[in-house]
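Dropping query-v8.cif in here (mmCIF, N, CA and C atoms):
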```
data_structure
loop_
_atom_site.label_atom_id
_atom_site.label_comp_id
_atom_site.auth_asym_id
_atom_site.auth_seq_id
_atom_site.Cartn_x
_atom_site.Cartn_y
_atom_site.Cartn_z
N MET A 1 96.83 100.84 94.03
CA MET A 1 97.24 100.59 92.66
C MET A 1 96.24 101.27 91.74
N SER A 2 96.73 102.03 90.85
CA SER A 2 95.83 102.67 89.90
C SER A 2 95.55 101.70 88.76
N VAL A 3 94.51 102.00 88.02
CA VAL A 3 94.14 101.16 86.89
C VAL A 3 95.29 101.09 85.89
N GLY A 4 96.07 102.16 85.80
CA GLY A 4 97.17 102.20 84.85
C GLY A 4 98.41 101.47 85.30
N SER A 5 98.44 100.97 86.54
CA SER A 5 99.63 100.26 87.02
C SER A 5 99.79 98.95 86.25
N LYS A 6 101.03 98.60 86.02
CA LYS A 6 101.31 97.39 85.25
C LYS A 6 101.22 96.16 86.15
N VAL A 7 100.49 95.17 85.69
CA VAL A 7 100.41 93.89 86.38
C VAL A 7 101.43 92.98 85.73
N LEU A 8 102.29 92.39 86.56
CA LEU A 8 103.35 91.53 86.06
C LEU A 8 102.89 90.09 85.99
N ASP A 9 103.58 89.28 85.20
CA ASP A 9 103.21 87.87 85.06
C ASP A 9 103.22 87.13 86.39
N GLU A 10 104.11 87.52 87.30
CA GLU A 10 104.21 86.80 88.58
C GLU A 10 103.20 87.29 89.62
N ASP A 11 102.42 88.32 89.29
CA ASP A 11 101.47 88.88 90.25
C ASP A 11 100.25 87.99 90.44
N PHE A 12 99.74 88.02 91.65
CA PHE A 12 98.45 87.45 91.99
C PHE A 12 97.58 88.64 92.40
N VAL A 13 96.46 88.81 91.77
CA VAL A 13 95.60 89.96 92.01
C VAL A 13 94.30 89.47 92.63
N ILE A 14 93.97 90.02 93.80
CA ILE A 14 92.68 89.72 94.41
C ILE A 14 91.73 90.81 93.94
N CYS A 15 90.76 90.41 93.15
CA CYS A 15 89.82 91.35 92.55
C CYS A 15 88.53 91.36 93.38
N VAL A 16 88.09 92.55 93.72
CA VAL A 16 86.83 92.73 94.44
C VAL A 16 85.89 93.45 93.48
N ARG A 17 84.85 92.75 93.05
CA ARG A 17 83.90 93.33 92.11
C ARG A 17 82.56 93.53 92.82
N PRO A 18 82.16 94.79 93.01
CA PRO A 18 80.88 95.04 93.67
C PRO A 18 79.71 94.62 92.78
N GLN A 19 78.70 94.02 93.41
CA GLN A 19 77.48 93.72 92.68
C GLN A 19 76.62 94.97 92.67
N MET A 20 76.07 95.27 91.52
CA MET A 20 75.28 96.49 91.38
C MET A 20 73.89 96.16 90.87
N ASP A 21 72.94 97.02 91.24
CA ASP A 21 71.59 96.87 90.71
C ASP A 21 71.52 97.52 89.34
N LYS A 22 70.33 97.56 88.76
CA LYS A 22 70.20 98.09 87.40
C LYS A 22 70.48 99.59 87.31
N HIS A 23 70.53 100.27 88.47
CA HIS A 23 70.84 101.70 88.50
C HIS A 23 72.31 101.95 88.89
N PHE A 24 73.09 100.90 88.89
CA PHE A 24 74.51 100.95 89.24
C PHE A 24 74.75 101.38 90.68
N ASN A 25 73.82 101.03 91.56
CA ASN A 25 74.02 101.23 93.00
C ASN A 25 74.55 99.92 93.57
N TRP A 26 75.49 100.01 94.47
CA TRP A 26 76.07 98.83 95.08
C TRP A 26 75.04 98.14 95.97
N THR A 27 74.93 96.83 95.83
CA THR A 27 73.94 96.04 96.59
C THR A 27 74.49 95.60 97.94
N SER A 28 75.70 96.01 98.30
CA SER A 28 76.41 95.60 99.51
C SER A 28 76.98 94.19 99.41
N GLU A 29 76.97 93.63 98.23
CA GLU A 29 77.57 92.32 98.01
C GLU A 29 78.72 92.49 97.03
N VAL A 30 79.69 91.59 97.14
CA VAL A 30 80.84 91.62 96.23
C VAL A 30 81.17 90.21 95.76
N ASN A 31 81.80 90.14 94.63
CA ASN A 31 82.41 88.91 94.16
C ASN A 31 83.90 89.10 94.33
N VAL A 32 84.56 88.10 94.88
CA VAL A 32 86.00 88.17 95.12
C VAL A 32 86.64 86.99 94.39
N PHE A 33 87.65 87.30 93.60
CA PHE A 33 88.35 86.21 92.93
C PHE A 33 89.81 86.56 92.76
N ILE A 34 90.59 85.54 92.52
CA ILE A 34 92.04 85.66 92.41
C ILE A 34 92.41 85.51 90.94
N MET A 35 93.24 86.44 90.48
CA MET A 35 93.68 86.39 89.08
C MET A 35 95.20 86.33 89.05
N THR A 36 95.72 85.59 88.10
CA THR A 36 97.15 85.60 87.81
C THR A 36 97.32 85.26 86.33
N SER A 37 98.49 85.46 85.84
CA SER A 37 98.77 85.23 84.43
C SER A 37 98.97 83.74 84.16
N GLU A 38 98.54 83.31 82.99
CA GLU A 38 98.85 81.94 82.60
C GLU A 38 100.32 81.79 82.29
N ASN A 39 101.03 82.91 82.21
CA ASN A 39 102.48 82.91 82.00
C ASN A 39 103.24 83.12 83.31
N ASN A 40 102.59 82.89 84.43
CA ASN A 40 103.24 83.08 85.73
C ASN A 40 104.49 82.21 85.80
N PRO A 41 105.66 82.82 86.07
CA PRO A 41 106.92 82.08 86.02
C PRO A 41 107.24 81.26 87.27
N LEU A 42 106.41 81.34 88.32
CA LEU A 42 106.71 80.59 89.54
C LEU A 42 106.66 79.09 89.29
N ASN A 43 107.53 78.34 90.00
CA ASN A 43 107.43 76.89 89.90
C ASN A 43 106.15 76.44 90.61
N ASP A 44 105.75 75.21 90.41
CA ASP A 44 104.46 74.73 90.92
C ASP A 44 104.33 74.89 92.43
N ASP A 45 105.37 74.52 93.18
CA ASP A 45 105.27 74.62 94.64
C ASP A 45 105.06 76.07 95.09
N ASP A 46 105.83 76.98 94.52
CA ASP A 46 105.70 78.39 94.88
C ASP A 46 104.35 78.95 94.41
N TYR A 47 103.96 78.59 93.21
CA TYR A 47 102.68 79.06 92.65
C TYR A 47 101.53 78.69 93.58
N TYR A 48 101.47 77.41 93.96
CA TYR A 48 100.36 76.96 94.81
C TYR A 48 100.50 77.48 96.24
N GLY A 49 101.73 77.76 96.69
CA GLY A 49 101.90 78.37 98.00
C GLY A 49 101.33 79.78 98.03
N VAL A 50 101.62 80.57 97.00
CA VAL A 50 101.08 81.93 96.93
C VAL A 50 99.56 81.89 96.72
N LEU A 51 99.10 80.96 95.89
CA LEU A 51 97.66 80.82 95.66
C LEU A 51 96.94 80.46 96.96
N ASP A 52 97.50 79.55 97.75
CA ASP A 52 96.89 79.21 99.05
C ASP A 52 96.86 80.41 99.98
N PHE A 53 97.92 81.22 99.97
CA PHE A 53 97.95 82.44 100.77
C PHE A 53 96.82 83.38 100.35
N CYS A 54 96.65 83.56 99.03
CA CYS A 54 95.58 84.42 98.51
C CYS A 54 94.20 83.88 98.89
N ARG A 55 94.04 82.57 98.83
CA ARG A 55 92.76 81.97 99.23
C ARG A 55 92.47 82.22 100.70
N ALA A 56 93.50 82.14 101.53
CA ALA A 56 93.31 82.41 102.96
C ALA A 56 92.91 83.87 103.17
N LEU A 57 93.54 84.79 102.43
CA LEU A 57 93.15 86.20 102.52
C LEU A 57 91.68 86.37 102.13
N CYS A 58 91.28 85.75 101.06
CA CYS A 58 89.89 85.85 100.61
C CYS A 58 88.92 85.22 101.60
N ALA A 59 89.35 84.16 102.26
CA ALA A 59 88.49 83.47 103.23
C ALA A 59 88.19 84.34 104.44
N THR A 60 89.05 85.31 104.72
CA THR A 60 88.80 86.17 105.89
C THR A 60 87.51 86.97 105.73
N ILE A 61 87.07 87.18 104.50
CA ILE A 61 85.81 87.90 104.27
C ILE A 61 84.65 87.14 104.91
N ALA A 62 84.56 85.85 104.62
CA ALA A 62 83.49 85.04 105.19
C ALA A 62 83.61 84.95 106.71
N ILE A 63 84.84 84.88 107.20
CA ILE A 63 85.05 84.81 108.66
C ILE A 63 84.62 86.11 109.32
N MET A 64 84.93 87.25 108.69
CA MET A 64 84.54 88.54 109.27
C MET A 64 83.03 88.72 109.30
N GLU A 65 82.33 88.10 108.37
CA GLU A 65 80.86 88.18 108.38
C GLU A 65 80.30 87.51 109.63
N LYS A 66 81.01 86.50 110.14
CA LYS A 66 80.53 85.74 111.30
C LYS A 66 81.13 86.21 112.62
N ASP A 67 82.29 86.84 112.57
CA ASP A 67 83.02 87.20 113.78
C ASP A 67 83.15 88.72 113.88
N GLU A 68 82.24 89.35 114.63
CA GLU A 68 82.22 90.81 114.73
C GLU A 68 83.50 91.36 115.35
N ASP A 69 84.06 90.66 116.33
CA ASP A 69 85.29 91.13 116.96
C ASP A 69 86.44 91.17 115.95
N LEU A 70 86.57 90.13 115.15
CA LEU A 70 87.61 90.11 114.12
C LEU A 70 87.38 91.24 113.12
N ARG A 71 86.12 91.45 112.72
CA ARG A 71 85.81 92.52 111.77
C ARG A 71 86.21 93.88 112.33
N LYS A 72 85.91 94.14 113.60
CA LYS A 72 86.27 95.41 114.23
C LYS A 72 87.79 95.57 114.30
N ARG A 73 88.50 94.49 114.63
CA ARG A 73 89.96 94.55 114.68
C ARG A 73 90.54 94.82 113.30
N ALA A 74 89.96 94.20 112.28
CA ALA A 74 90.46 94.39 110.91
C ALA A 74 90.21 95.82 110.45
N VAL A 75 89.05 96.37 110.77
CA VAL A 75 88.74 97.75 110.39
C VAL A 75 89.69 98.70 111.10
N LYS A 76 89.95 98.46 112.38
CA LYS A 76 90.87 99.31 113.13
C LYS A 76 92.28 99.24 112.53
N GLU A 77 92.72 98.07 112.17
CA GLU A 77 94.04 97.91 111.55
C GLU A 77 94.09 98.62 110.20
N ALA A 78 93.02 98.50 109.41
CA ALA A 78 92.97 99.16 108.10
C ALA A 78 93.01 100.68 108.25
N GLU A 79 92.39 101.19 109.29
CA GLU A 79 92.40 102.64 109.52
C GLU A 79 93.81 103.14 109.78
N GLU A 80 94.66 102.32 110.38
CA GLU A 80 96.05 102.71 110.62
C GLU A 80 96.79 102.93 109.30
N TYR A 81 96.45 102.13 108.28
CA TYR A 81 97.10 102.28 106.98
C TYR A 81 96.65 103.54 106.26
N GLU A 82 95.48 104.06 106.62
CA GLU A 82 94.97 105.28 106.00
C GLU A 82 95.67 106.52 106.53
N LYS A 83 96.32 106.39 107.67
CA LYS A 83 96.97 107.53 108.30
C LYS A 83 98.35 107.74 107.71
N GLU A 84 98.39 108.03 106.42
CA GLU A 84 99.67 108.28 105.76
C GLU A 84 100.20 109.62 106.22
N GLU A 85 101.50 109.68 106.36
CA GLU A 85 102.12 110.95 106.72
C GLU A 85 102.03 111.89 105.53
N LYS A 86 101.39 113.02 105.76
CA LYS A 86 101.27 114.01 104.70
C LYS A 86 102.50 114.91 104.75
N PRO A 87 102.97 115.29 103.59
CA PRO A 87 104.15 116.16 103.57
C PRO A 87 103.87 117.47 104.29
N LYS A 88 104.87 117.91 105.03
CA LYS A 88 104.76 119.18 105.74
C LYS A 88 105.34 120.27 104.85
N LEU A 89 104.70 121.40 104.89
CA LEU A 89 105.20 122.54 104.12
C LEU A 89 106.30 123.23 104.90
N LYS A 90 107.33 123.60 104.20
CA LYS A 90 108.41 124.35 104.80
C LYS A 90 108.74 125.51 103.87
N VAL A 91 108.74 126.71 104.43
CA VAL A 91 109.10 127.88 103.64
C VAL A 91 110.61 127.87 103.48
N VAL A 92 111.07 127.76 102.24
CA VAL A 92 112.49 127.68 101.94
C VAL A 92 113.05 129.07 101.64
N ASP A 93 112.26 129.88 100.94
CA ASP A 93 112.76 131.21 100.56
C ASP A 93 111.57 132.13 100.33
N LYS A 94 111.76 133.41 100.65
CA LYS A 94 110.74 134.43 100.40
C LYS A 94 111.43 135.62 99.75
N LYS A 95 110.83 136.10 98.67
CA LYS A 95 111.34 137.31 98.02
C LYS A 95 110.15 138.02 97.41
N ASP A 96 109.93 139.22 97.86
CA ASP A 96 108.77 140.00 97.43
C ASP A 96 107.50 139.20 97.69
N ASN A 97 106.71 138.97 96.63
CA ASN A 97 105.47 138.22 96.82
C ASN A 97 105.60 136.76 96.38
N VAL A 98 106.84 136.26 96.26
CA VAL A 98 107.10 134.88 95.85
C VAL A 98 107.60 134.09 97.05
N VAL A 99 106.96 132.96 97.31
CA VAL A 99 107.36 132.10 98.43
C VAL A 99 107.72 130.74 97.84
N LEU A 100 108.91 130.25 98.14
CA LEU A 100 109.35 128.93 97.71
C LEU A 100 109.11 127.95 98.84
N LEU A 101 108.33 126.88 98.56
CA LEU A 101 107.96 125.90 99.57
C LEU A 101 108.64 124.57 99.31
N SER A 102 108.88 123.84 100.39
CA SER A 102 109.37 122.47 100.31
C SER A 102 108.28 121.56 100.87
N PHE A 103 108.05 120.44 100.21
CA PHE A 103 107.04 119.49 100.65
C PHE A 103 107.68 118.25 101.28
N GLU A 104 108.86 118.36 101.82
CA GLU A 104 109.54 117.23 102.42
C GLU A 104 108.80 116.78 103.66
N SER A 105 108.72 115.49 103.88
CA SER A 105 107.96 114.97 105.03
C SER A 105 108.75 115.01 106.32
N ASP A 106 110.06 115.28 106.26
CA ASP A 106 110.86 115.26 107.47
C ASP A 106 111.32 116.65 107.93
N ASN A 107 110.71 117.69 107.39
CA ASN A 107 111.14 119.02 107.82
C ASN A 107 110.44 119.40 109.11
N ASP A 108 110.89 120.46 109.70
CA ASP A 108 110.35 120.86 111.02
C ASP A 108 109.23 121.88 110.89
N ASN A 109 108.80 122.19 109.68
CA ASN A 109 107.66 123.06 109.43
C ASN A 109 107.82 124.45 110.02
N LYS A 110 109.04 124.95 110.05
CA LYS A 110 109.30 126.28 110.60
C LYS A 110 109.78 127.20 109.51
N LEU A 111 109.51 128.46 109.67
CA LEU A 111 110.02 129.46 108.75
C LEU A 111 111.52 129.58 108.91
N GLN A 112 112.16 129.86 107.80
CA GLN A 112 113.60 130.08 107.86
C GLN A 112 113.87 131.56 107.78
#
```
Please lay out the structure from this file as structure tokens.
Amino acid sequence: MSVGSKVLDEDFVICVRPQMDKHFNWTSEVNVFIMTSENNPLNDDDYYGVLDFCRALCATIAIMEKDEDLRKRAVKEAEEYEKEEKPKLKVVDKKDNVVLLSFESDNDNKLQ
């Protein structure tokens, strides 16, 4: 999510704020908190259900500090999300010194 993305009233945002020293270097510590709008339209049961889910997500940080195996599994899982499929280039047309490319992710990456 970019800073410019719109946060909706029904959103719950888990904010990770790095602690920094006076030179703005990260101290390796973070503050984690949950934010939502005071205008959140969820009914009370749903609101507290989502809030409990967010609290459980935040609690995994403390658990990972104590459980190295869980931390390694979480890092491995997170790395899978980083492996986004990059669009493949496909030459669609060539004329003189002009080449028309397609950036579709499902092409076969072969010249036509």
Checklist entry - Can you list, as a VMD selection string, every protein, DNA or RNA residue that comes within 12 Å of stretch 40-45 of chain A when you count only C-alpha atoms, leaving out same-chain residues fewer than 6 positions away? => result chain A and resid 7 to 12 51 to 52
Checklist entry - How far is it from atom CA of A:Thr36 to atom N of A:Glu82, in Å with one decimal? => result 26.4 Å
Item to check | All strand (DSSP E or B) residues (DSSP, backbone) inside chain A, as a ChimeraX atom specification | outcome: /A:12-20,26-36,90-95,98-102
Item to check | For stretch 14-25 of chain A: contacts at 6 Å, all atoms listed in the file, fewer than 6 positions along chain excluded, given as a PyMOL selection string | outcome: chain A and resi 31-35
Item to check | Straight-line distance linking atom CA of A:Glu68 with atom CA of A:Cys54, stated in Å to one decimal | outcome: 22.0 Å
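Taking atom CA of A:Ser37 and atom N of A:Ala62 as endpoints, the distance between them is 24.7 Å.
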Write down as a PDB file with N, CA and C atoms, in the frame of the given file the residues of chain A whose backbone DSSP state falls under alpha helix (DSSP H).
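File written: selection06.pdb
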```pdb
ATOM      1  N   ASP A  44     105.750  75.210  90.410  1.00  0.00           N
ATOM      2  CA  ASP A  44     104.460  74.730  90.920  1.00  0.00           C
ATOM      3  C   ASP A  44     104.330  74.890  92.430  1.00  0.00           C
ATOM      4  N   ASP A  45     105.370  74.520  93.180  1.00  0.00           N
ATOM      5  CA  ASP A  45     105.270  74.620  94.640  1.00  0.00           C
ATOM      6  C   ASP A  45     105.060  76.070  95.090  1.00  0.00           C
ATOM      7  N   ASP A  46     105.830  76.980  94.520  1.00  0.00           N
ATOM      8  CA  ASP A  46     105.700  78.390  94.880  1.00  0.00           C
ATOM      9  C   ASP A  46     104.350  78.950  94.410  1.00  0.00           C
ATOM     10  N   TYR A  47     103.960  78.590  93.210  1.00  0.00           N
ATOM     11  CA  TYR A  47     102.680  79.060  92.650  1.00  0.00           C
ATOM     12  C   TYR A  47     101.530  78.690  93.580  1.00  0.00           C
ATOM     13  N   TYR A  48     101.470  77.410  93.960  1.00  0.00           N
ATOM     14  CA  TYR A  48     100.360  76.960  94.810  1.00  0.00           C
ATOM     15  C   TYR A  48     100.500  77.480  96.240  1.00  0.00           C
ATOM     16  N   GLY A  49     101.730  77.760  96.690  1.00  0.00           N
ATOM     17  CA  GLY A  49     101.900  78.370  98.000  1.00  0.00           C
ATOM     18  C   GLY A  49     101.330  79.780  98.030  1.00  0.00           C
ATOM     19  N   VAL A  50     101.620  80.570  97.000  1.00  0.00           N
ATOM     20  CA  VAL A  50     101.080  81.930  96.930  1.00  0.00           C
ATOM     21  C   VAL A  50      99.560  81.890  96.720  1.00  0.00           C
ATOM     22  N   LEU A  51      99.100  80.960  95.890  1.00  0.00           N
ATOM     23  CA  LEU A  51      97.660  80.820  95.660  1.00  0.00           C
ATOM     24  C   LEU A  51      96.940  80.460  96.960  1.00  0.00           C
ATOM     25  N   ASP A  52      97.500  79.550  97.750  1.00  0.00           N
ATOM     26  CA  ASP A  52      96.890  79.210  99.050  1.00  0.00           C
ATOM     27  C   ASP A  52      96.860  80.410  99.980  1.00  0.00           C
ATOM     28  N   PHE A  53      97.920  81.220  99.970  1.00  0.00           N
ATOM     29  CA  PHE A  53      97.950  82.440 100.770  1.00  0.00           C
ATOM     30  C   PHE A  53      96.820  83.380 100.350  1.00  0.00           C
ATOM     31  N   CYS A  54      96.650  83.560  99.030  1.00  0.00           N
ATOM     32  CA  CYS A  54      95.580  84.420  98.510  1.00  0.00           C
ATOM     33  C   CYS A  54      94.200  83.880  98.890  1.00  0.00           C
ATOM     34  N   ARG A  55      94.040  82.570  98.830  1.00  0.00           N
ATOM     35  CA  ARG A  55      92.760  81.970  99.230  1.00  0.00           C
ATOM     36  C   ARG A  55      92.470  82.220 100.700  1.00  0.00           C
ATOM     37  N   ALA A  56      93.500  82.140 101.530  1.00  0.00           N
ATOM     38  CA  ALA A  56      93.310  82.410 102.960  1.00  0.00           C
ATOM     39  C   ALA A  56      92.910  83.870 103.170  1.00  0.00           C
ATOM     40  N   LEU A  57      93.540  84.790 102.430  1.00  0.00           N
ATOM     41  CA  LEU A  57      93.150  86.200 102.520  1.00  0.00           C
ATOM     42  C   LEU A  57      91.680  86.370 102.130  1.00  0.00           C
ATOM     43  N   CYS A  58      91.280  85.750 101.060  1.00  0.00           N
ATOM     44  CA  CYS A  58      89.890  85.850 100.610  1.00  0.00           C
ATOM     45  C   CYS A  58      88.920  85.220 101.600  1.00  0.00           C
ATOM     46  N   ALA A  59      89.350  84.160 102.260  1.00  0.00           N
ATOM     47  CA  ALA A  59      88.490  83.470 103.230  1.00  0.00           C
ATOM     48  C   ALA A  59      88.190  84.340 104.440  1.00  0.00           C
ATOM     49  N   THR A  60      89.050  85.310 104.720  1.00  0.00           N
ATOM     50  CA  THR A  60      88.800  86.170 105.890  1.00  0.00           C
ATOM     51  C   THR A  60      87.510  86.970 105.730  1.00  0.00           C
ATOM     52  N   ILE A  61      87.070  87.180 104.500  1.00  0.00           N
ATOM     53  CA  ILE A  61      85.810  87.900 104.270  1.00  0.00           C
ATOM     54  C   ILE A  61      84.650  87.140 104.910  1.00  0.00           C
ATOM     55  N   ALA A  62      84.560  85.850 104.620  1.00  0.00           N
ATOM     56  CA  ALA A  62      83.490  85.040 105.190  1.00  0.00           C
ATOM     57  C   ALA A  62      83.610  84.950 106.710  1.00  0.00           C
ATOM     58  N   ILE A  63      84.840  84.880 107.200  1.00  0.00           N
ATOM     59  CA  ILE A  63      85.050  84.810 108.660  1.00  0.00           C
ATOM     60  C   ILE A  63      84.620  86.110 109.320  1.00  0.00           C
ATOM     61  N   MET A  64      84.930  87.250 108.690  1.00  0.00           N
ATOM     62  CA  MET A  64      84.540  88.540 109.270  1.00  0.00           C
ATOM     63  C   MET A  64      83.030  88.720 109.300  1.00  0.00           C
ATOM     64  N   GLU A  65      82.330  88.100 108.370  1.00  0.00           N
ATOM     65  CA  GLU A  65      80.860  88.180 108.380  1.00  0.00           C
ATOM     66  C   GLU A  65      80.300  87.510 109.630  1.00  0.00           C
ATOM     67  N   LYS A  66      81.010  86.500 110.140  1.00  0.00           N
ATOM     68  CA  LYS A  66      80.530  85.740 111.300  1.00  0.00           C
ATOM     69  C   LYS A  66      81.130  86.210 112.620  1.00  0.00           C
ATOM     70  N   GLU A  68      82.240  89.350 114.630  1.00  0.00           N
ATOM     71  CA  GLU A  68      82.220  90.810 114.730  1.00  0.00           C
ATOM     72  C   GLU A  68      83.500  91.360 115.350  1.00  0.00           C
ATOM     73  N   ASP A  69      84.060  90.660 116.330  1.00  0.00           N
ATOM     74  CA  ASP A  69      85.290  91.130 116.960  1.00  0.00           C
ATOM     75  C   ASP A  69      86.440  91.170 115.950  1.00  0.00           C
ATOM     76  N   LEU A  70      86.570  90.130 115.150  1.00  0.00           N
ATOM     77  CA  LEU A  70      87.610  90.110 114.120  1.00  0.00           C
ATOM     78  C   LEU A  70      87.380  91.240 113.120  1.00  0.00           C
ATOM     79  N   ARG A  71      86.120  91.450 112.720  1.00  0.00           N
ATOM     80  CA  ARG A  71      85.810  92.520 111.770  1.00  0.00           C
ATOM     81  C   ARG A  71      86.210  93.880 112.330  1.00  0.00           C
ATOM     82  N   LYS A  72      85.910  94.140 113.600  1.00  0.00           N
ATOM     83  CA  LYS A  72      86.270  95.410 114.230  1.00  0.00           C
ATOM     84  C   LYS A  72      87.790  95.570 114.300  1.00  0.00           C
ATOM     85  N   ARG A  73      88.500  94.490 114.630  1.00  0.00           N
ATOM     86  CA  ARG A  73      89.960  94.550 114.680  1.00  0.00           C
ATOM     87  C   ARG A  73      90.540  94.820 113.300  1.00  0.00           C
ATOM     88  N   ALA A  74      89.960  94.200 112.280  1.00  0.00           N
ATOM     89  CA  ALA A  74      90.460  94.390 110.910  1.00  0.00           C
ATOM     90  C   ALA A  74      90.210  95.820 110.450  1.00  0.00           C
ATOM     91  N   VAL A  75      89.050  96.370 110.770  1.00  0.00           N
ATOM     92  CA  VAL A  75      88.740  97.750 110.390  1.00  0.00           C
ATOM     93  C   VAL A  75      89.690  98.700 111.100  1.00  0.00           C
ATOM     94  N   LYS A  76      89.950  98.460 112.380  1.00  0.00           N
ATOM     95  CA  LYS A  76      90.870  99.310 113.130  1.00  0.00           C
ATOM     96  C   LYS A  76      92.280  99.240 112.530  1.00  0.00           C
ATOM     97  N   GLU A  77      92.720  98.070 112.170  1.00  0.00           N
ATOM     98  CA  GLU A  77      94.040  97.910 111.550  1.00  0.00           C
ATOM     99  C   GLU A  77      94.090  98.620 110.200  1.00  0.00           C
ATOM    100  N   ALA A  78      93.020  98.500 109.410  1.00  0.00           N
ATOM    101  CA  ALA A  78      92.970  99.160 108.100  1.00  0.00           C
ATOM    102  C   ALA A  78      93.010 100.680 108.250  1.00  0.00           C
ATOM    103  N   GLU A  79      92.390 101.190 109.290  1.00  0.00           N
ATOM    104  CA  GLU A  79      92.400 102.640 109.520  1.00  0.00           C
ATOM    105  C   GLU A  79      93.810 103.140 109.780  1.00  0.00           C
ATOM    106  N   GLU A  80      94.660 102.320 110.380  1.00  0.00           N
ATOM    107  CA  GLU A  80      96.050 102.710 110.620  1.00  0.00           C
ATOM    108  C   GLU A  80      96.790 102.930 109.300  1.00  0.00           C
ATOM    109  N   TYR A  81      96.450 102.130 108.280  1.00  0.00           N
ATOM    110  CA  TYR A  81      97.100 102.280 106.980  1.00  0.00           C
ATOM    111  C   TYR A  81      96.650 103.540 106.260  1.00  0.00           C
ATOM    112  N   GLU A  82      95.480 104.060 106.620  1.00  0.00           N
ATOM    113  CA  GLU A  82      94.970 105.280 106.000  1.00  0.00           C
ATOM    114  C   GLU A  82      95.670 106.520 106.530  1.00  0.00           C
TER     115      GLU A  82
END
```
